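Text of final.pdb, listed as PDB, C-alpha atoms and all ligand atoms:
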```
ATOM      1  CA  MET A 274      26.143   9.293   5.468
ATOM      2  CA  ALA A 275      28.329   6.202   5.866
ATOM      3  CA  ASN A 276      25.398   4.386   7.454
ATOM      4  CA  ARG A 277      23.144   5.420   4.587
ATOM      5  CA  ILE A 278      25.503   4.043   1.942
ATOM      6  CA  LYS A 279      26.048   0.844   3.920
ATOM      7  CA  LEU A 280      22.335   0.173   4.349
ATOM      8  CA  LEU A 281      21.477   0.982   0.732
ATOM      9  CA  ASN A 282      24.295  -1.269  -0.502
ATOM     10  CA  THR A 283      23.093  -4.111   1.691
ATOM     11  CA  LEU A 284      19.625  -3.657   0.291
ATOM     12  CA  GLU A 285      20.846  -3.631  -3.342
ATOM     13  CA  ASN A 286      22.601  -6.918  -2.712
ATOM     14  CA  ILE A 287      19.721  -8.823  -1.151
ATOM     15  CA  THR A 288      18.831 -10.978  -4.108
ATOM     16  CA  SER A 289      16.051 -12.788  -2.278
ATOM     17  CA  ILE A 290      13.765  -9.738  -2.168
ATOM     18  CA  PRO A 291      10.767 -10.915  -4.165
ATOM     19  CA  THR A 292       9.873  -9.717  -7.600
ATOM     20  CA  LEU A 293       6.285  -9.254  -8.664
ATOM     21  CA  PRO A 294       4.936 -11.954 -10.983
ATOM     22  CA  ILE A 295       5.554 -11.449 -14.676
ATOM     23  CA  VAL A 296       1.753 -11.318 -15.135
ATOM     24  CA  ILE A 297       1.744  -7.746 -13.760
ATOM     25  CA  GLU A 298       4.170  -6.531 -16.412
ATOM     26  CA  ARG A 299       2.315  -8.325 -19.180
ATOM     27  CA  ILE A 300      -1.012  -6.828 -18.097
ATOM     28  CA  THR A 301       0.501  -3.335 -17.838
ATOM     29  CA  LEU A 302       1.830  -3.698 -21.388
ATOM     30  CA  LEU A 303      -1.483  -4.997 -22.711
ATOM     31  CA  LEU A 304      -3.417  -2.167 -21.086
ATOM     32  CA  GLN A 305      -1.273   0.418 -22.855
ATOM     33  CA  ASN A 306      -2.915  -0.703 -26.086
ATOM     34  CA  PRO A 307      -6.481   0.643 -26.350
ATOM     35  CA  LYS A 308      -7.428  -2.268 -28.643
ATOM     36  CA  THR A 309      -6.706  -4.919 -26.013
ATOM     37  CA  SER A 310      -9.737  -7.084 -25.310
ATOM     38  CA  ALA A 311     -11.034  -8.493 -22.010
ATOM     39  CA  GLU A 312     -10.298 -12.012 -23.342
ATOM     40  CA  GLU A 313      -6.632 -11.182 -23.950
ATOM     41  CA  VAL A 314      -6.150  -9.834 -20.417
ATOM     42  CA  GLY A 315      -8.156 -12.767 -19.022
ATOM     43  CA  LYS A 316      -5.862 -15.225 -20.817
ATOM     44  CA  VAL A 317      -2.751 -13.633 -19.301
ATOM     45  CA  ILE A 318      -4.196 -13.780 -15.771
ATOM     46  CA  THR A 319      -5.267 -17.402 -16.120
ATOM     47  CA  THR A 320      -1.719 -18.460 -17.076
ATOM     48  CA  ASP A 321      -1.167 -18.231 -13.319
ATOM     49  CA  GLN A 322      -3.931 -20.430 -11.919
ATOM     50  CA  ALA A 323      -3.254 -19.707  -8.254
ATOM     51  CA  LEU A 324      -3.356 -15.985  -8.914
ATOM     52  CA  ALA A 325      -6.475 -16.304 -11.068
ATOM     53  CA  SER A 326      -8.370 -18.077  -8.293
ATOM     54  CA  LYS A 327      -7.363 -15.384  -5.795
ATOM     55  CA  VAL A 328      -8.499 -12.687  -8.192
ATOM     56  CA  LEU A 329     -11.853 -14.447  -8.553
ATOM     57  CA  ARG A 330     -12.253 -14.717  -4.803
ATOM     58  CA  LEU A 331     -11.474 -11.026  -4.364
ATOM     59  CA  VAL A 332     -13.737  -9.731  -7.108
ATOM     60  CA  ASN A 333     -16.561 -11.756  -5.595
ATOM     61  CA  SER A 334     -16.092 -10.133  -2.189
ATOM     62  CA  ALA A 335     -18.187  -7.262  -0.861
ATOM     63  CA  PHE A 336     -15.218  -4.936  -1.393
ATOM     64  CA  TYR A 337     -15.865  -4.842  -5.135
ATOM     65  CA  GLY A 338     -19.636  -4.713  -4.845
ATOM     66  CA  PHE A 339     -20.621  -7.906  -6.710
ATOM     67  CA  PRO A 340     -20.487 -10.595  -4.021
ATOM     68  CA  GLY A 341     -20.714 -14.102  -5.451
ATOM     69  CA  LYS A 342     -21.759 -13.034  -8.940
ATOM     70  CA  ILE A 343     -18.603 -13.274 -11.056
ATOM     71  CA  SER A 344     -17.654 -16.684 -12.418
ATOM     72  CA  THR A 345     -14.746 -16.085 -14.805
ATOM     73  CA  ILE A 346     -11.833 -13.678 -15.098
ATOM     74  CA  THR A 347     -13.136 -12.349 -18.417
ATOM     75  CA  HIS A 348     -16.511 -11.729 -16.794
ATOM     76  CA  ALA A 349     -14.733  -9.876 -13.964
ATOM     77  CA  ILE A 350     -12.901  -7.655 -16.452
ATOM     78  CA  VAL A 351     -16.091  -6.847 -18.331
ATOM     79  CA  ILE A 352     -17.936  -5.925 -15.121
ATOM     80  CA  LEU A 353     -15.163  -4.192 -13.180
ATOM     81  CA  GLY A 354     -13.013  -2.754 -15.963
ATOM     82  CA  PHE A 355      -9.311  -2.973 -16.703
ATOM     83  CA  SER A 356      -7.989  -0.628 -14.026
ATOM     84  CA  THR A 357      -9.858  -2.399 -11.213
ATOM     85  CA  ILE A 358      -8.625  -5.776 -12.435
ATOM     86  CA  LYS A 359      -5.064  -4.514 -12.609
ATOM     87  CA  SER A 360      -5.353  -3.271  -9.055
ATOM     88  CA  VAL A 361      -6.834  -6.609  -7.873
ATOM     89  CA  VAL A 362      -3.996  -8.546  -9.547
ATOM     90  CA  LEU A 363      -1.380  -6.238  -8.037
ATOM     91  CA  THR A 364      -2.938  -6.522  -4.581
ATOM     92  CA  ALA A 365      -3.204 -10.317  -4.802
ATOM     93  CA  SER A 366       0.430 -10.541  -5.976
ATOM     94  CA  PHE A 367       1.649  -8.265  -3.203
ATOM     95  CA  PHE A 368      -0.021 -10.506  -0.625
ATOM     96  CA  ASP A 369       1.359 -13.566  -2.357
ATOM     97  CA  VAL A 370       4.957 -12.475  -2.116
ATOM     98  CA  PHE A 371       4.901 -11.044   1.400
ATOM     99  CA  HIS A 372       1.936 -12.051   3.510
ATOM    100  CA  LYS A 373       3.017 -15.540   4.431
ATOM    101  CA  ARG A 374       6.629 -14.680   5.229
ATOM    102  CA  GLU A 375       7.171 -14.876   8.943
ATOM    103  CA  SER A 376      10.077 -13.222  10.713
ATOM    104  CA  ASP A 377      11.247 -14.766  13.984
ATOM    105  CA  ALA A 378      13.990 -12.209  14.345
ATOM    106  CA  THR A 379      11.704  -9.438  15.565
ATOM    107  CA  THR A 380       8.771  -9.028  17.921
ATOM    108  CA  PHE A 381       7.044  -6.727  15.435
ATOM    109  CA  ASP A 382       3.337  -7.563  15.164
ATOM    110  CA  LEU A 383       2.876  -8.400  11.471
ATOM    111  CA  GLU A 384      -0.868  -9.015  11.846
ATOM    112  CA  GLN A 385      -1.286  -5.455  13.069
ATOM    113  CA  PHE A 386       0.997  -4.233  10.304
ATOM    114  CA  TRP A 387      -1.108  -5.890   7.566
ATOM    115  CA  LEU A 388      -4.281  -4.522   9.087
ATOM    116  CA  HIS A 389      -2.677  -1.060   9.148
ATOM    117  CA  SER A 390      -1.691  -1.372   5.464
ATOM    118  CA  ILE A 391      -5.100  -2.580   4.302
ATOM    119  CA  ALA A 392      -6.919  -0.034   6.424
ATOM    120  CA  CYS A 393      -4.721   2.688   4.985
ATOM    121  CA  GLY A 394      -5.535   1.523   1.432
ATOM    122  CA  ALA A 395      -9.255   1.480   2.209
ATOM    123  CA  ALA A 396      -9.083   4.881   3.918
ATOM    124  CA  ALA A 397      -7.141   6.391   0.984
ATOM    125  CA  GLN A 398      -9.860   5.029  -1.304
ATOM    126  CA  ALA A 399     -12.575   6.657   0.834
ATOM    127  CA  ILE A 400     -10.640   9.941   0.760
ATOM    128  CA  ALA A 401     -10.373   9.660  -3.058
ATOM    129  CA  LYS A 402     -14.176   9.464  -3.192
ATOM    130  CA  PHE A 403     -14.421  12.429  -0.788
ATOM    131  CA  LEU A 404     -12.170  14.405  -3.153
ATOM    132  CA  GLY A 405     -14.237  13.363  -6.172
ATOM    133  CA  SER A 406     -11.362  11.433  -7.781
ATOM    134  CA  ASN A 407     -11.998   8.666 -10.331
ATOM    135  CA  ASP A 408      -8.749   6.946  -9.437
ATOM    136  CA  LYS A 409      -9.875   5.167  -6.296
ATOM    137  CA  GLU A 410      -8.090   1.886  -7.135
ATOM    138  CA  GLU A 411      -4.764   3.674  -7.438
ATOM    139  CA  TYR A 412      -5.359   5.369  -4.085
ATOM    140  CA  PHE A 413      -6.056   1.967  -2.563
ATOM    141  CA  ILE A 414      -2.784   0.539  -3.903
ATOM    142  CA  ALA A 415      -0.841   3.625  -2.779
ATOM    143  CA  GLY A 416      -2.247   3.269   0.746
ATOM    144  CA  LEU A 417      -1.642  -0.463   0.798
ATOM    145  CA  LEU A 418       2.014  -0.056  -0.187
ATOM    146  CA  HIS A 419       2.869   3.089   1.787
ATOM    147  CA  ASP A 420       4.822   1.333   4.580
ATOM    148  CA  LEU A 421       6.288  -1.380   2.354
ATOM    149  CA  GLY A 422       9.798  -0.313   3.419
ATOM    150  CA  LYS A 423       9.051  -1.467   6.994
ATOM    151  CA  LEU A 424       8.160  -4.908   5.681
ATOM    152  CA  ILE A 425      11.494  -5.122   3.851
ATOM    153  CA  LEU A 426      13.405  -3.969   6.916
ATOM    154  CA  CYS A 427      11.563  -6.355   9.190
ATOM    155  CA  GLN A 428      11.910  -9.387   6.917
ATOM    156  CA  TYR A 429      15.346  -8.789   5.379
ATOM    157  CA  LEU A 430      17.239  -6.483   7.775
ATOM    158  CA  PRO A 431      15.768  -7.468  11.168
ATOM    159  CA  ASN A 432      18.723  -6.199  13.215
ATOM    160  CA  GLU A 433      18.440  -2.698  11.793
ATOM    161  CA  PHE A 434      14.665  -2.880  12.147
ATOM    162  CA  ASN A 435      14.834  -3.859  15.831
ATOM    163  CA  LEU A 436      17.367  -1.117  16.472
ATOM    164  CA  ALA A 437      15.112   1.520  14.894
ATOM    165  CA  LEU A 438      12.101   0.232  16.876
ATOM    166  CA  SER A 439      13.852   0.335  20.234
ATOM    167  CA  ASN A 440      15.476   3.703  19.481
ATOM    168  CA  ALA A 441      12.008   5.120  18.688
ATOM    169  CA  GLN A 442      10.750   3.824  22.041
ATOM    170  CA  ILE A 443      13.686   5.241  23.976
ATOM    171  CA  LYS A 444      13.555   8.619  22.252
ATOM    172  CA  LYS A 445       9.737   8.659  22.181
ATOM    173  CA  CYS A 446       9.900   9.645  18.527
ATOM    174  CA  LEU A 447       8.260   8.320  15.381
ATOM    175  CA  PHE A 448       9.718   5.278  13.618
ATOM    176  CA  PHE A 449      10.842   7.266  10.566
ATOM    177  CA  GLU A 450      12.559   9.829  12.795
ATOM    178  CA  SER A 451      14.410   6.997  14.500
ATOM    179  CA  GLU A 452      15.446   5.480  11.122
ATOM    180  CA  LYS A 453      16.605   8.874   9.906
ATOM    181  CA  GLU A 454      18.724   9.399  13.000
ATOM    182  CA  LEU A 455      20.319   5.941  12.910
ATOM    183  CA  PHE A 456      20.798   5.263   9.195
ATOM    184  CA  ASP A 457      19.898   8.451   7.344
ATOM    185  CA  VAL A 458      17.588   6.118   5.383
ATOM    186  CA  THR A 459      13.886   5.696   6.112
ATOM    187  CA  HIS A 460      11.227   3.126   5.259
ATOM    188  CA  GLN A 461       9.961   5.719   2.762
ATOM    189  CA  ASP A 462      13.307   5.477   0.879
ATOM    190  CA  ILE A 463      13.363   1.687   1.078
ATOM    191  CA  GLY A 464       9.745   1.284  -0.045
ATOM    192  CA  ALA A 465      10.261   3.660  -2.974
ATOM    193  CA  PHE A 466      13.396   1.737  -3.948
ATOM    194  CA  LEU A 467      11.364  -1.459  -4.212
ATOM    195  CA  VAL A 468       8.455   0.166  -6.032
ATOM    196  CA  ARG A 469      11.014   1.438  -8.566
ATOM    197  CA  ARG A 470      12.628  -1.982  -8.843
ATOM    198  CA  TRP A 471       9.195  -3.448  -9.547
ATOM    199  CA  ASN A 472       8.654  -0.904 -12.342
ATOM    200  CA  LEU A 473       5.447   0.341 -10.769
ATOM    201  CA  PRO A 474       4.290   3.794 -11.853
ATOM    202  CA  GLU A 475       5.874   7.028 -10.670
ATOM    203  CA  HIS A 476       2.862   8.141  -8.618
ATOM    204  CA  LEU A 477       3.254   5.043  -6.416
ATOM    205  CA  GLN A 478       6.961   5.725  -5.932
ATOM    206  CA  ASN A 479       6.103   9.268  -4.897
ATOM    207  CA  THR A 480       3.335   8.407  -2.479
ATOM    208  CA  VAL A 481       5.564   5.837  -0.781
ATOM    209  CA  LEU A 482       8.477   8.288  -0.635
ATOM    210  CA  PHE A 483       6.563  11.310   0.654
ATOM    211  CA  HIS A 484       3.690   9.891   2.727
ATOM    212  CA  HIS A 485       5.068  11.462   5.915
ATOM    213  CA  ASP A 486       5.728  14.804   4.267
ATOM    214  CA  PRO A 487       3.616  15.494   1.156
ATOM    215  CA  ASN A 488       5.204  18.074  -1.094
ATOM    216  CA  PRO A 489       2.621  20.654  -2.286
ATOM    217  CA  SER A 490       4.527  21.286  -5.514
ATOM    218  CA  SER A 491       4.654  17.600  -6.500
ATOM    219  CA  LYS A 492       2.403  16.534  -9.366
ATOM    220  CA  HIS A 493       1.273  13.613  -7.219
ATOM    221  CA  PHE A 494       0.411  15.804  -4.250
ATOM    222  CA  LEU A 495      -3.286  14.809  -4.013
ATOM    223  CA  MET A 496      -2.616  11.093  -3.814
ATOM    224  CA  THR A 497       0.345  11.508  -1.467
ATOM    225  CA  ALA A 498      -1.685  13.806   0.776
ATOM    226  CA  ALA A 499      -4.598  11.329   0.781
ATOM    227  CA  VAL A 500      -2.268   8.528   1.915
ATOM    228  CA  HIS A 501      -0.750  10.862   4.514
ATOM    229  CA  CYS A 502      -4.244  11.514   5.947
ATOM    230  CA  ALA A 503      -5.279   7.861   5.645
ATOM    231  CA  ASP A 504      -2.204   6.806   7.655
ATOM    232  CA  ILE A 505      -3.122   9.226  10.443
ATOM    233  CA  PHE A 506      -6.883   8.566  10.414
ATOM    234  CA  VAL A 507      -6.497   4.792  10.741
ATOM    235  CA  ARG A 508      -4.103   5.242  13.637
ATOM    236  CA  ALA A 509      -6.483   7.716  15.259
ATOM    237  CA  LEU A 510      -9.311   5.179  14.789
ATOM    238  CA  ASP A 511      -7.015   2.588  16.410
ATOM    239  CA  ILE A 512      -7.234   0.154  13.505
ATOM    240  CA  GLY A 513      -4.014  -1.847  13.072
ATOM    241  CA  ASN A 514      -0.555  -0.576  13.839
ATOM    242  CA  GLY A 515       2.392   0.173  11.579
ATOM    243  CA  GLY A 516       4.900   0.104  14.443
ATOM    244  CA  ASP A 517       4.532   3.573  15.939
ATOM    245  CA  THR A 518       3.331   4.157  19.464
ATOM    246  CA  LYS A 519       2.698   7.821  18.644
ATOM    247  CA  ILE A 520       0.318   9.066  15.975
ATOM    248  CA  PRO A 521       2.148  11.051  13.279
ATOM    249  CA  GLU A 522       1.193  14.704  12.983
ATOM    250  CA  MET A 523      -1.075  15.812  10.141
ATOM    251  CA  SER A 524       0.473  18.345   7.769
ATOM    252  CA  GLU A 525      -1.332  21.652   8.268
ATOM    253  CA  TYR A 526      -1.101  22.363   4.550
ATOM    254  CA  VAL A 527      -2.842  19.060   3.730
ATOM    255  CA  TRP A 528      -5.516  19.632   6.362
ATOM    256  CA  ASN A 529      -6.339  23.058   4.957
ATOM    257  CA  SER A 530      -6.134  22.105   1.297
ATOM    258  CA  PHE A 531      -8.587  19.216   1.778
ATOM    259  CA  GLY A 532     -10.968  21.607   3.508
ATOM    260  CA  PHE A 533     -11.296  19.370   6.571
ATOM    261  CA  GLU A 534     -11.671  22.438   8.755
ATOM    262  CA  SER A 535     -14.992  23.410   7.220
ATOM    263  CA  ALA A 536     -16.226  19.943   6.146
ATOM    264  CA  SER A 537     -17.870  17.624   8.603
ATOM    265  CA  LEU A 538     -15.406  14.829   9.161
ATOM    266  CA  THR A 539     -18.020  12.495  10.606
ATOM    267  CA  GLY A 540     -19.255  11.411   7.168
ATOM    268  CA  LEU A 541     -15.726  10.785   5.917
ATOM    269  CA  LEU A 542     -14.739   8.813   9.015
ATOM    270  CA  ASP A 543     -17.902   6.691   8.678
ATOM    271  CA  ALA A 544     -17.052   6.033   5.010
ATOM    272  CA  ILE A 545     -13.495   5.100   6.025
ATOM    273  CA  ARG A 546     -14.777   2.633   8.639
ATOM    274  CA  ASP A 547     -17.116   1.074   6.042
ATOM    275  CA  GLU A 548     -14.375   0.679   3.437
ATOM    276  CA  ILE A 549     -12.039  -0.852   6.014
ATOM    277  CA  ALA A 550     -14.674  -3.368   7.125
ATOM    278  CA  LYS A 551     -15.108  -4.515   3.508
ATOM    279  CA  ALA A 552     -11.365  -4.526   2.804
ATOM    280  CA  THR A 553     -10.542  -6.958   5.620
ATOM    281  CA  VAL A 554     -11.336  -9.701   3.060
ATOM    282  CA  PHE A 555      -7.739  -9.186   1.890
ATOM    283  CA  LEU A 556      -6.465 -10.504   5.200
ATOM    284  CA  HIS A 557      -8.028 -13.861   4.487
ATOM    285  CA  ILE A 558      -6.776 -14.577   0.977
ATOM    286  CA  THR A 559      -4.299 -17.407   1.021
TER     287      THR A 559
HETATM  288 FE    FE B   1       5.269   5.346   7.167
HETATM  289 FE    FE B   2       1.764   3.849   8.073
END
```

What's the structure tokens form of this structure?
Ligand SMILES: [Fe+2]
Ligand SMILES: [Fe+2]
Amino acid sequence: MANRIKLLNTLENITSIPTLPIVIERITLLLQNPKTSAEEVGKVITTDQALASKVLRLVNSAFYGFPGKISTITHAIVILGFSTIKSVVLTASFFDVFHKRESDATTFDLEQFWLHSIACGAAAQAIAKFLGSNDKEEYFIAGLLHDLGKLILCQYLPNEFNLALSNAQIKKCLFFESEKELFDVTHQDIGAFLVRRWNLPEHLQNTVLFHHDPNPSSKHFLMTAAVHCADIFVRALDIGNGGDTKIPEMSEYVWNSFGFESASLTGLLDAIRDEIAKATVFLHIT
């Protein structure tokens, strides 16, 4: 308990933890008004030129299905729609604030971590399609952010991070079990804390908080369960690594409720591989 309070206090007081650009909040506000036009949203995005050029590069990648065909932000909004654009801006901003930060204080392989995060976003998106959901962009973001807490630990609390990593190796347990034992705080708690601080929606807080243990009675169960599966599938496919040497166990409840037992998984795993291949474009945005 004492460790938990100490770690959470330390975290509260780290003022250098990045904020998301103001553009995200302005877009979220604009999109709450059904009368908002593509031009208005386009204008807000182009106030940040660096972000706007990243958004253009992303929307022209194979991931969004219109490679090389979109020349302006307004055009992108008209073709892809508001929710896709919001997700592209959020993704680009997330990379902006974290991707280039190096940490010399740990041997953690950040390249593998980013690949794990992107692959998990892409896999969650493929699972959303498998489930017939229309919210695939939100699933992508949820998957992308699920291990955000590890990034904070690694970049801002490297001593605690290294301790949790080596304890997991010694005890041959999962990283979150090691965190729980040492600090009574996990990367799920830390990630959800940041998602809350960034004023991102409740379903993202929940997926980050419960991705290792989806709660069937939660109203965000489907998305959390999809991220839970995505996390395990990408590890099983050996794509990237979020810091665990073991593969987390799949919740039996999730497995049964998604009907994996009766469905052929081959098609889903192929779709996941395809989405991941397209999503690697995110690794190259600078
Ligand atoms: Fe995790
Ligand atoms: Fe993960």

Evaluate the PyMOL selection byres (((chain A and resi 465) around 9) and not hetatm) on the structure here and hand back the selected residues as number ranges by chain.
-> A: 419, 421-422, 460-464, 466-470, 477-482

Within 10 Å of ligand FE 1 (chain B), counting all atoms listed in the file: which residues, as a list of chain:residue names?
-> A:Ser390, A:Leu418, A:His419, A:Asp420, A:Leu421, A:Gly422, A:Lys423, A:Leu447, A:Phe448, A:Phe449, A:Thr459, A:His460, A:Gln461, A:Gly464, A:Val481, A:Leu482, A:Phe483, A:His484, A:His485, A:Asp486, A:Val500, A:His501, A:Asp504, A:Ile505, A:Gly515, A:Gly516, A:Asp517, A:Pro521

Give as number ranges by chain the residues that the PyMOL selection byres (((chain A and resi 362-372) around 10) and not hetatm) matches when applied to the coordinates above.
-> A: 290-294, 296-297, 300, 318, 323-329, 331, 356-361, 373-375, 383-384, 387, 391, 413-414, 417-418, 421, 424-425, 428, 473, 555-556, 558-559

For Ser344 (chain A): contacts at 10 Å, all atoms listed in the file, fewer than 2 positions along chain excluded, given as a PyMOL selection string = chain A and resi 329-330+332-333+341-342+346-349

9 Å contact set for Phe403 (chain A), all atoms listed in the file, chain neighbours under 4 positions out, as an NGL selection string = :A and (398-399 or 541)

Near-Phe456 (chain A) list (12 Å; only C-alpha atoms; drop same-chain fewer than 3 positions) as a count of residues only = 23

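Of the residues listed (A:Ala550, A:Cys427, A:Ile520, A:Val458), A:Ile520 shows the shortest atom-to-atom separation from ligand FE 2 (chain B); distances use all atoms listed in the file.
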